[in-house]
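One structure below.
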Amino acid sequence: MAAITSAFHALYPYRVLIGLFLIAVITILNLRGVRESGTIFSIPTYFFVTMTLGMLGVGLYRWVAAGMPPAAPPRIDYPAAHPLTLFIILRAFSSGCAALTGVEAIADGVPVFKPPESKNAGQTLIAMASLLIMMFLGITFLSHQFGIVPDERTHETVISQLGRVAFGSGTPLYFLFQAATMLILVLAANTAFADFPRLSYFLARDRYMPNQFALLGDRLVFSNGILALALAASILLVVFDGKTTRLIPLYAVGVFLTFTLSQSGMVAHRWRRRGPYWRLKALISGFGATVTAGVLLIFIITKFAYGAWIVIVWIPIFIGFFLAVHRHYQDVAAQLSLEAFGSPPPVRRHRVIVPIAGVHRAVIAALNYARSLSDDVTAVYVETDPNETPKIRRKWEEWGDGIPLVVLPSPYRSIIGPLVEYVDRIDDRRRRDQVVTIVLPQFVPAKWWHHLLHNQTAFLIHLAFLFRREVMVTHVPFHLHGNHN
């Protein structure tokens with residue numbers, strides 16, 4: 001047993017790698033459509049509740065058997081650096097309130113409960129609150145009686161120390177209790193992966209997040225939301241070195257802010273609807289909003305220097321991002337609307353340009369396609385080497401089939417610049433009845449790594465004209481074979 005304990009302590013420096021591995025496992029499970037309601041998630045919950053209640057029962061038995069002695073002095077003697085002030089009391093209060101979070105998972109997941117959804121969700125919330133109160137008070141009481149305090153030197157948690165006192169150090173029950181704690185923490189991490197994709201779906205549905213977050217994957221899960229959360233969680237894990245004490249302020253500030261906003265929203269909802277007993281319901285919601293707002297304010301003040309400032313800075317940034325996304329979608333909808341759509345001018349001239357770097361089969365295929373679009377076709381050759389131009393002209397006279405060839409000198413050997421200048425000369429942007437199409441001959445290698453052996457001029461030309469409204473770019477692929485035919 002001592003060897004196992006030593007192994008646990010030896011793994012602590014690798015907490016970031018272990019955390020990234022667990023994030024990867026949870027992400028894969030969620031992408032495969034594994035639900036929290038399945039057996040794989042219910043067993044750890046029952047296992048943890050059973051082990052925790054058993055630990056509290058054994059601990060209370062040991063305390064009663066010992067004659068219910070007064071609270072023992074702390075096992076670790078920390079020097080008193082500051083007197084007990086109101087600020088320290090508020091800081092302890094805010095830290096304790098973080099343990100009350102988690103009910104938002106049920107509030108966001110009401111639609112996934114079995115009918116009647118609201119009743120089942122309410123019963124689940126009551127059961128969870130009852131277990132939370134029982135375990136929280138039991139752990140707090142026994143920790144105080146046995147003199148257990150956090151130990152930063154050994155990185156051992158309070159609940160682990162309490163488990164050693166109750167079950168005995170190195171006993172099988174102690175390690176089962178540790179395993180149950182680890183599994184429930186993994187399950188708690190999975191809660192975000194179950195709720196954030198649904199939340200991002202709601203925002204995307206209302207056009208406050210990109211539409212990709214509203215798309216269901218082949219496993220009927222919101223894959224993009226899961227992947228985005230996995231990336232964000234991995235970044236936070238690395239930045240904060242895998243220390244949960246540094247991550248709790250970020251989590252708690254956001255949670256209590258949402259509590260305050262949701263309760264305030266319920267007050268406004270009761271006021272507008274004014275159904276049966278609406279005053280009493282609005283009073284309860286208003287009381288909840290006041291309490292959570294007070295906790296939020298205390299948390300911001302006491303945890304500001306410990307990481308809460310990050311949330312305070314990032315929330316306005318996220319709000320600005322959401323509003324910008326919403327304005328973009330509104331603007332797109334207005335421009336795509338058919339209600340205010342007038343008849344566009346008919347196309348009276350369609351000019352087609354075929355840039356060439358030589359005369360070969362891919363160019364001939366592009367010319368044939370270009371002539372199917374319009375009778376006004378011009379081939380353009382950018383002269384980077386004057387010695388090659390006569391060869392190009394001779395082959396063009398033989399294979400060009402009467403299509404005019406324009407040679408653009410490029411003393412600085414630039415391909416894109418002279419081509420853009422030529423299009424600007426022939427394109428009259430004031431005319432809405434003229435269209436310019438650039439047909440790019442492009443051969444496709446037989447193997448993926450063959451792309452590395454060729455330049456990407458066609459792609460660069462496409463980028464150069466991507467935001468030109470009156471210029472369209474078309475690729476004509478010419479597929480190469482693995483062997484010469």
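Convention: chains lettered A, B, ... in structure tokens order; per-chain residue numbering from 1; ligands numbered from 1 as shown.
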
Residue contacts of stretch 474-479 of chain A (6 Å, only C-alpha atoms) excluding same-chain residues fewer than 3 positions away, as a list in words: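 The neighbour list is Ala362, Ala366, Val439, Leu440, Pro441, Gln442, Phe443 and Val444 of chain A.
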
Going by DSSP on the backbone, which residues of stretch 204-431 of chain A come out as alpha helix (DSSP H)? List them as an MDAnalysis selection string. chainID A and resid 204:205 223:239 244:273 278:302 308:336 361:373 389:399 416:426

Write a file of the selected residues as a CSV table (one decimal), in the first residue's frame, keeping C-alpha atoms.
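Result saved to out07.csv:
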```
chain,number,residue,atom,x,y,z
A,204,ALA,CA,-25.9,29.5,-32.6
A,205,ARG,CA,-29.6,29.0,-33.2
A,223,SER,CA,-19.3,17.8,-32.4
A,224,ASN,CA,-18.0,21.4,-33.0
A,225,GLY,CA,-19.0,22.5,-29.5
A,226,ILE,CA,-17.3,19.4,-28.0
A,227,LEU,CA,-14.0,20.1,-29.9
A,228,ALA,CA,-14.0,23.8,-29.1
A,229,LEU,CA,-14.5,23.0,-25.4
A,230,ALA,CA,-11.7,20.4,-25.5
A,231,LEU,CA,-9.3,22.9,-27.0
A,232,ALA,CA,-10.2,25.6,-24.5
A,233,ALA,CA,-9.9,23.2,-21.5
A,234,SER,CA,-6.5,22.0,-22.8
A,235,ILE,CA,-5.3,25.6,-23.0
A,236,LEU,CA,-6.5,26.5,-19.5
A,237,LEU,CA,-4.9,23.3,-18.1
A,238,VAL,CA,-1.5,24.1,-19.6
A,239,VAL,CA,-1.6,27.8,-18.7
A,244,THR,CA,-7.4,23.4,-9.6
A,245,THR,CA,-7.0,26.0,-6.9
A,246,ARG,CA,-6.0,28.5,-9.6
A,247,LEU,CA,-8.9,27.5,-11.8
A,248,ILE,CA,-11.7,27.7,-9.3
A,249,PRO,CA,-12.0,31.5,-9.3
A,250,LEU,CA,-12.5,31.5,-13.1
A,251,TYR,CA,-15.2,28.9,-12.7
A,252,ALA,CA,-17.0,30.4,-9.7
A,253,VAL,CA,-17.2,34.0,-11.0
A,254,GLY,CA,-18.8,32.8,-14.3
A,255,VAL,CA,-21.2,30.4,-12.5
A,256,PHE,CA,-22.5,33.0,-10.0
A,257,LEU,CA,-22.8,35.6,-12.7
A,258,THR,CA,-25.0,33.3,-14.7
A,259,PHE,CA,-27.0,32.5,-11.5
A,260,THR,CA,-27.6,36.2,-11.0
A,261,LEU,CA,-28.6,36.8,-14.6
A,262,SER,CA,-30.9,33.8,-14.8
A,263,GLN,CA,-32.7,34.7,-11.5
A,264,SER,CA,-33.1,38.3,-12.6
A,265,GLY,CA,-34.4,37.1,-15.9
A,266,MET,CA,-37.0,35.0,-14.1
A,267,VAL,CA,-38.1,38.1,-12.2
A,268,ALA,CA,-38.7,39.9,-15.4
A,269,HIS,CA,-40.4,36.8,-16.8
A,270,ARG,CA,-42.9,36.6,-13.9
A,271,TRP,CA,-43.5,40.3,-14.2
A,272,ARG,CA,-44.5,40.1,-17.8
A,273,ARG,CA,-46.6,36.9,-17.6
A,278,TRP,CA,-46.5,35.4,-9.8
A,279,ARG,CA,-45.6,37.9,-7.0
A,280,LEU,CA,-44.5,35.1,-4.7
A,281,LYS,CA,-42.5,33.4,-7.5
A,282,ALA,CA,-40.9,36.8,-8.5
A,283,LEU,CA,-40.0,37.4,-4.8
A,284,ILE,CA,-38.3,34.0,-4.6
A,285,SER,CA,-36.4,34.6,-7.8
A,286,GLY,CA,-35.5,38.2,-6.7
A,287,PHE,CA,-34.2,36.9,-3.4
A,288,GLY,CA,-32.1,34.3,-5.2
A,289,ALA,CA,-30.7,37.0,-7.5
A,290,THR,CA,-29.8,39.2,-4.6
A,291,VAL,CA,-28.0,36.4,-2.8
A,292,THR,CA,-26.0,35.2,-5.8
A,293,ALA,CA,-25.2,38.8,-6.7
A,294,GLY,CA,-23.8,39.3,-3.2
A,295,VAL,CA,-21.7,36.1,-3.5
A,296,LEU,CA,-20.5,37.2,-7.0
A,297,LEU,CA,-19.4,40.6,-5.6
A,298,ILE,CA,-17.6,39.0,-2.7
A,299,PHE,CA,-15.9,36.5,-5.1
A,300,ILE,CA,-14.7,39.3,-7.4
A,301,ILE,CA,-13.3,41.3,-4.5
A,302,THR,CA,-11.6,38.4,-2.6
A,308,ALA,CA,-11.0,36.4,-11.2
A,309,TRP,CA,-9.8,39.4,-13.1
A,310,ILE,CA,-9.4,37.1,-16.2
A,311,VAL,CA,-13.1,36.4,-16.3
A,312,ILE,CA,-14.0,40.1,-15.7
A,313,VAL,CA,-11.8,41.0,-18.7
A,314,TRP,CA,-12.9,38.2,-21.0
A,315,ILE,CA,-16.7,38.4,-20.4
A,316,PRO,CA,-17.0,41.8,-22.2
A,317,ILE,CA,-14.8,40.4,-25.0
A,318,PHE,CA,-17.1,37.4,-25.4
A,319,ILE,CA,-20.2,39.6,-25.4
A,320,GLY,CA,-18.6,41.9,-28.0
A,321,PHE,CA,-17.9,38.8,-30.1
A,322,PHE,CA,-21.4,37.5,-29.8
A,323,LEU,CA,-22.9,40.8,-30.8
A,324,ALA,CA,-20.5,41.1,-33.7
A,325,VAL,CA,-21.6,37.6,-34.9
A,326,HIS,CA,-25.3,38.6,-34.5
A,327,ARG,CA,-24.8,41.8,-36.5
A,328,HIS,CA,-23.0,39.9,-39.2
A,329,TYR,CA,-25.8,37.3,-39.6
A,330,GLN,CA,-28.4,40.1,-39.6
A,331,ASP,CA,-26.5,41.9,-42.4
A,332,VAL,CA,-26.1,38.7,-44.4
A,333,ALA,CA,-29.9,38.0,-44.1
A,334,ALA,CA,-30.7,41.5,-45.2
A,335,GLN,CA,-28.5,41.3,-48.2
A,336,LEU,CA,-29.8,37.8,-49.2
A,361,ARG,CA,-2.6,19.6,-72.6
A,362,ALA,CA,-3.9,21.2,-69.4
A,363,VAL,CA,-3.9,24.6,-71.2
A,364,ILE,CA,-5.8,23.2,-74.2
A,365,ALA,CA,-8.4,21.7,-71.9
A,366,ALA,CA,-8.8,25.1,-70.1
A,367,LEU,CA,-9.2,26.9,-73.5
A,368,ASN,CA,-11.9,24.5,-74.6
A,369,TYR,CA,-13.8,25.1,-71.4
A,370,ALA,CA,-13.3,28.9,-71.7
A,371,ARG,CA,-14.7,28.9,-75.3
A,372,SER,CA,-17.8,27.2,-73.9
A,373,LEU,CA,-18.4,30.2,-71.6
A,389,THR,CA,8.7,34.1,-75.0
A,390,PRO,CA,9.5,33.2,-78.6
A,391,LYS,CA,9.1,29.5,-77.8
A,392,ILE,CA,5.7,30.2,-76.3
A,393,ARG,CA,4.6,32.3,-79.3
A,394,ARG,CA,5.6,29.6,-81.8
A,395,LYS,CA,3.7,26.8,-79.9
A,396,TRP,CA,0.7,29.1,-79.5
A,397,GLU,CA,0.5,29.7,-83.2
A,398,GLU,CA,0.3,26.0,-83.6
A,399,TRP,CA,-2.1,25.1,-80.8
A,416,ILE,CA,0.4,38.1,-59.7
A,417,GLY,CA,1.1,41.8,-60.1
A,418,PRO,CA,1.0,42.1,-63.9
A,419,LEU,CA,-2.0,39.9,-64.1
A,420,VAL,CA,-4.0,42.0,-61.6
A,421,GLU,CA,-2.9,45.2,-63.5
A,422,TYR,CA,-4.1,43.7,-66.8
A,423,VAL,CA,-7.5,42.8,-65.3
A,424,ASP,CA,-7.8,46.3,-63.9
A,425,ARG,CA,-7.2,47.8,-67.4
A,426,ILE,CA,-9.8,45.7,-69.2
```

Shell of 12 Å around stretch 449-455 of chain A, only C-alpha atoms, local chain residues under 3 positions omitted, as an MDAnalysis selection string: chainID A and resid 357 415 442:446 458:461 480:482

Have a look at atom CA of A:Gly217 and atom CA of A:Val110 and let me know their distance in Å, one decimal.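 Taking atom CA of A:Gly217 as the start and atom CA of A:Val110 as the end point, the length is 21.5 Å.
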
When distances are computed from only C-alpha atoms, which of A:Ala129, A:Leu215, A:Val112, A:Leu185 shows the smallest separation from A:Ile26? A:Leu185

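Across the structure, atom CA of A:Gly19 and atom CA of A:Leu220 are spaced 26.4 Å apart.
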
Of the candidates A:Thr85, A:Ser160, A:Asn387, A:Ser42, which one gets nearest to A:Met55 if we count only C-alpha atoms?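 Checking each of A:Thr85, A:Ser160, A:Asn387, A:Ser42 against A:Met55, counting only C-alpha atoms, the winner is A:Ser160.
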
Best match for closeness to A:Val58 among A:Gly170, A:Gly138, A:Pro276, A:Gly242, counting only C-alpha atoms: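 Once distances to A:Val58 are computed over only C-alpha atoms, the minimum belongs to A:Gly138.
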
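Minimum atom-to-atom distances from A:Gly358, A:Ile353, A:Asp428, A:Leu86 to A:Met472 were compared using only C-alpha atoms, and the lowest value belongs to A:Ile353.
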
Enumerate as a ChimeraX atom specification all residues of stretch 225-452 of chain A assigned to strand (DSSP E or B) by DSSP on the backbone, naming them with the chain letters and numbers the document uses. /A:349-356,376-383,405-409,434-444

Restrict the selected residues to N, CA and C atoms and save them as a short mmCIF file (atom, residue, chain, number, x, y, z; two decimals), in the first residue's frame.
```
data_model
loop_
_atom_site.label_atom_id
_atom_site.label_comp_id
_atom_site.auth_asym_id
_atom_site.auth_seq_id
_atom_site.Cartn_x
_atom_site.Cartn_y
_atom_site.Cartn_z
N ARG A 349 -21.64 41.56 -71.60
CA ARG A 349 -20.30 41.19 -72.07
C ARG A 349 -19.65 40.27 -71.05
N HIS A 350 -19.22 39.14 -71.52
CA HIS A 350 -18.55 38.16 -70.66
C HIS A 350 -17.15 37.94 -71.22
N ARG A 351 -16.16 38.48 -70.54
CA ARG A 351 -14.78 38.35 -70.97
C ARG A 351 -14.12 37.24 -70.17
N VAL A 352 -13.41 36.35 -70.88
CA VAL A 352 -12.75 35.22 -70.25
C VAL A 352 -11.25 35.33 -70.49
N ILE A 353 -10.49 35.19 -69.40
CA ILE A 353 -9.02 35.27 -69.46
C ILE A 353 -8.46 33.93 -69.01
N VAL A 354 -7.49 33.42 -69.78
CA VAL A 354 -6.86 32.15 -69.44
C VAL A 354 -5.36 32.42 -69.23
N PRO A 355 -4.91 32.54 -67.96
CA PRO A 355 -3.47 32.70 -67.72
C PRO A 355 -2.75 31.39 -68.03
N ILE A 356 -1.61 31.49 -68.72
CA ILE A 356 -0.84 30.30 -69.08
C ILE A 356 0.61 30.50 -68.67
N ASP A 376 -15.49 35.70 -76.25
CA ASP A 376 -14.45 36.70 -75.96
C ASP A 376 -13.43 36.08 -75.01
N VAL A 377 -12.48 35.33 -75.57
CA VAL A 377 -11.48 34.62 -74.77
C VAL A 377 -10.10 35.17 -75.13
N THR A 378 -9.30 35.41 -74.12
CA THR A 378 -7.93 35.90 -74.30
C THR A 378 -7.00 35.10 -73.41
N ALA A 379 -5.91 34.65 -73.99
CA ALA A 379 -4.87 33.98 -73.21
C ALA A 379 -3.83 35.01 -72.79
N VAL A 380 -3.32 34.86 -71.55
CA VAL A 380 -2.38 35.83 -70.99
C VAL A 380 -1.15 35.07 -70.51
N TYR A 381 0.01 35.52 -70.98
CA TYR A 381 1.28 34.94 -70.56
C TYR A 381 2.11 36.02 -69.89
N VAL A 382 2.52 35.79 -68.63
CA VAL A 382 3.35 36.73 -67.89
C VAL A 382 4.80 36.38 -68.17
N GLU A 383 5.52 37.31 -68.80
CA GLU A 383 6.89 37.06 -69.24
C GLU A 383 7.87 37.28 -68.10
N LEU A 405 -3.22 35.92 -77.88
CA LEU A 405 -2.30 35.77 -76.75
C LEU A 405 -1.71 37.12 -76.41
N VAL A 406 -1.85 37.52 -75.15
CA VAL A 406 -1.30 38.78 -74.65
C VAL A 406 -0.10 38.45 -73.77
N VAL A 407 1.04 39.05 -74.07
CA VAL A 407 2.26 38.84 -73.29
C VAL A 407 2.46 40.05 -72.38
N LEU A 408 2.53 39.79 -71.07
CA LEU A 408 2.70 40.86 -70.09
C LEU A 408 4.12 40.81 -69.55
N PRO A 409 4.94 41.83 -69.83
CA PRO A 409 6.31 41.83 -69.31
C PRO A 409 6.31 41.98 -67.79
N GLN A 434 -21.08 43.76 -67.03
CA GLN A 434 -19.89 43.11 -67.55
C GLN A 434 -19.34 42.13 -66.51
N VAL A 435 -18.91 40.98 -66.97
CA VAL A 435 -18.36 39.95 -66.10
C VAL A 435 -17.02 39.51 -66.67
N VAL A 436 -16.04 39.37 -65.78
CA VAL A 436 -14.73 38.85 -66.16
C VAL A 436 -14.52 37.52 -65.44
N THR A 437 -14.22 36.49 -66.19
CA THR A 437 -13.95 35.17 -65.61
C THR A 437 -12.52 34.77 -65.95
N ILE A 438 -11.79 34.38 -64.91
CA ILE A 438 -10.42 33.89 -65.08
C ILE A 438 -10.46 32.38 -64.99
N VAL A 439 -10.08 31.72 -66.07
CA VAL A 439 -10.07 30.26 -66.12
C VAL A 439 -8.64 29.80 -65.92
N LEU A 440 -8.41 29.06 -64.84
CA LEU A 440 -7.07 28.63 -64.47
C LEU A 440 -6.86 27.16 -64.80
N PRO A 441 -5.97 26.84 -65.72
CA PRO A 441 -5.62 25.42 -65.93
C PRO A 441 -4.82 24.91 -64.73
N GLN A 442 -5.25 23.80 -64.20
CA GLN A 442 -4.60 23.27 -62.99
C GLN A 442 -4.55 21.75 -63.09
N PHE A 443 -3.33 21.19 -63.04
CA PHE A 443 -3.24 19.73 -63.07
C PHE A 443 -3.18 19.18 -61.65
N VAL A 444 -3.79 18.02 -61.49
CA VAL A 444 -3.93 17.36 -60.20
C VAL A 444 -3.01 16.14 -60.19
#
```

Find the residue from A:His144, A:Arg15, A:Arg198, A:Arg468 that sits nearest to A:Pro70; use only C-alpha atoms when measuring. A:His144
